[in-house]
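Note sheet for the following structure.
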Amino acid sequence: MMERLLTMFEQADPFSTWWPTIAALAVGIVITVRTIMSGQRCPNDNQIKEQIVVVTGGNSGIGFELAQALAGRGGRIILACRNLQAAERAATIIKRELGCRTPLTSLDDDDDPADRYFVEARYLDLCSFRSVHHFAAQLMAEFERIDILVNNAGVVFANTEVPTEDGFERHSQINYLGPFLLTQLLLPHLKRSEQGRIIMVSAHAHSAAKIDFDDPLNVGTWAVKFHARDAFAHSKLCVLLATRWLARELKGTSVTVNCCTPGLVRGTRHLRNSPLMSAICVKVVTYPWMWLFMKNAYEGAQCAIRLATDPQLKQVTGEYFNDCEIAPGSEAGQDKELAKKLYMQTVKTLESVTKLTVDKEALGMETEPELRLEAPPAAETETETNHGEGAGEERKKEERQPLE
Ligand SMILES: NC(=O)c1ccc[n+]([C@@H]2O[C@H](COP(=O)([O-])OP(=O)(O)OC[C@H]3O[C@@H](n4cnc5c(N)ncnc54)[C@H](OP(=O)(O)O)[C@@H]3O)[C@@H](O)[C@H]2O)c1
């Protein structure tokens, strides 16, 4: 049998049939598509020695890859995660993997290479403003400055029926309001950095968002219930708009803020709640296509890695990045008036539920903005935030007061 096969191969004439050509073409096409779809790599390997980096949602997916890459470049990484056990596990894995890659010649005999890397886990649940306050307060007490904040954590297909403990739609709070509050609270510490960088993670889906100019936070729409897909798109558009306006507020300071999309990324837990992806037969059918057309988590992290490390981007702020390059984003995502309105409405909304007060005049000036870090007492939180159906309407009325 084996002999017959070998003879067949020896006698085979590749030019007598089209099959070898077709097979070679197919392989070529697959490799080309995979290379194009994997996107651009971060074009530099700059070190960020001793820089203090906060990565939200760093325990899995894109956040994990980003944390590992930045730790490998010398950053001191804080994984801000809602699952502390998973975050501690991730920190151990990152240190161990980086330790394994460290050349032995650079170590003393009794050195554990993993100890060279600083990766620590802290608890942060973006679904709760109380948790955001506590996390920020803890961090600011522990570190004298923060150099890089990556607002990476996010959800899609979350339950839009049940509001968060603060009374907001879940995509809105986890993807937008929570990161917005965290950023505002950490700003004084970011300003202490020689060059503070804020990186917001949005999504291509922001272009599909429906937004009401008179109520950009869409608090009124929550009362009539959002589809999870629309809620996700809206939250990611808010991320982009707020990035644009915050950049204006931060003009004249040492802090830049930019936004990026990782592209379509497979192998993360992002689609874990997707009704479609929970069916095993759909997974089996879609996997080869996902492998071909989507990035893996490492590839998805490249844009944020560039934003965190590239010295050429020192002065670049308020931009949207796709595939490591500046991109225009959607039309709504470029609307300055909308960005301003959303930003002001967000500050007002957060003021009313978290006692966050941002002195907008002081932002970007010499004096620090007034920020109160104490979370409101539980009773106060409950009375100030309504969980019922009418809550959105009441807030909407309040929000529609003229903005300065
Ligand atoms: N994957 C894609 O195709 C894609 C496309 C566009 C944009 N994005 C964006 O890229 C970012 C990373 O996504 P990914 O693909 O890496 O998904 P992922 O694996 O699900 O990672 C999301 C991270 O966010 C964390 N998170 C969720 N809710 C949180 C909360 N309430 N408080 C704190 N952390 C929370 C998750 O923690 P747990 O592990 O505890 O759940 C997880 O660590 C997200 O902002 C996502 O919207 C992804």
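Numbering starts fresh at 1 for the residues of each chain in the structure tokens, the chains themselves are lettered A, B, ... in the order given, and ligands are numbered from 1 as they appear.
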Taking only C-alpha atoms and all ligand atoms into account, produce a table as a Markdown table in which each residue of chain A with an atom at most 7 Å from an atom of ligand 1 appears once, together with its shortest atom pair and the distance in Å to one decimal, ordered by chain and rising number.
```
| residue | atom | partner | partner_atom_place_in_ligand_line | distance |
| --- | --- | --- | --- | --- |
| A:Thr56 | CA | ligand 1 | 34 (N) | 6.1 |
| A:Gly57 | CA | ligand 1 | 43 (O) | 3.3 |
| A:Gly58 | CA | ligand 1 | 43 (O) | 5.3 |
| A:Asn59 | CA | ligand 1 | 43 (O) | 4.8 |
| A:Ser60 | CA | ligand 1 | 43 (O) | 4.7 |
| A:Gly61 | CA | ligand 1 | 16 (O) | 3.5 |
| A:Ile62 | CA | ligand 1 | 16 (O) | 3.8 |
| A:Gly63 | CA | ligand 1 | 16 (O) | 5.5 |
| A:Ala80 | CA | ligand 1 | 33 (C) | 6.9 |
| A:Cys81 | CA | ligand 1 | 34 (N) | 4.8 |
| A:Arg82 | CA | ligand 1 | 33 (C) | 4.5 |
| A:Asn83 | CA | ligand 1 | 40 (O) | 4.7 |
| A:Leu124 | CA | ligand 1 | 33 (C) | 5.4 |
| A:Asp125 | CA | ligand 1 | 32 (N) | 3.6 |
| A:Leu126 | CA | ligand 1 | 32 (N) | 3.8 |
| A:Cys127 | CA | ligand 1 | 31 (N) | 4.3 |
| A:Asn152 | CA | ligand 1 | 45 (O) | 4.7 |
| A:Ala153 | CA | ligand 1 | 24 (O) | 3.3 |
| A:Gly154 | CA | ligand 1 | 45 (O) | 3.5 |
| A:Val155 | CA | ligand 1 | 27 (C) | 5.3 |
| A:Val156 | CA | ligand 1 | 47 (O) | 6.5 |
| A:Ile174 | CA | ligand 1 | 31 (N) | 5.3 |
| A:Asn175 | CA | ligand 1 | 45 (O) | 6.5 |
| A:Val201 | CA | ligand 1 | 45 (O) | 5.4 |
| A:Ser202 | CA | ligand 1 | 7 (C) | 5.7 |
| A:Ala203 | CA | ligand 1 | 6 (C) | 4.1 |
| A:His204 | CA | ligand 1 | 6 (C) | 6.3 |
| A:Thr261 | CA | ligand 1 | 7 (C) | 5.9 |
| A:Pro262 | CA | ligand 1 | 6 (C) | 5.6 |
| A:Gly263 | CA | ligand 1 | 5 (C) | 5.3 |
| A:Leu264 | CA | ligand 1 | 3 (O) | 3.9 |
| A:Val265 | CA | ligand 1 | 3 (O) | 3.6 |
| A:Arg266 | CA | ligand 1 | 1 (N) | 5.9 |
| A:Thr268 | CA | ligand 1 | 19 (O) | 4.1 |
| A:Arg269 | CA | ligand 1 | 19 (O) | 3.8 |
| A:His270 | CA | ligand 1 | 20 (O) | 3.6 |
| A:Ala297 | CA | ligand 1 | 16 (O) | 6.8 |
```
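Backbone DSSP over range 94-292 of chain A gives strand (DSSP E or B) for Val119, Glu120, Ala121, Arg122, Tyr123, Ile148, Leu149, Val150, Asn151, Gly196, Arg197, Ile198, Ile199, Met200, Val201, Asp212, Asp215, Val255, Thr256, Val257, Asn258, Cys259, Cys260, Thr261 and Val265 of chain A.
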Next on the checklist: Show me, as a PyMOL selection string, the residues that have an atom within 10 Å of His171 in chain A when counting only C-alpha atoms, minus same-chain residues fewer than 2 positions from it.
Outcome noted: chain A and resi 127+154-160+163-164+168-169+173-178+228-236
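The two atoms in question, CA of Ala327 in chain A and CA of Cys260 in chain A, are spaced 9.1 Å apart.
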Checklist entry - Just asking: which residues within range 66-266 of chain A are alpha helix (DSSP H) according to DSSP, as a ChimeraX atom specification? => result /A:66-72,84-101,129-142,170-171,178-191,219-222,228-249
Next on the checklist: I'd like the neighbourhood of Glu194 in chain A as a PyMOL selection string, where a residue qualifies if any of its atoms comes within 7 Å (using only C-alpha atoms), though same-chain residues fewer than 2 positions away should be ignored.
Outcome noted: chain A and resi 192+196+254
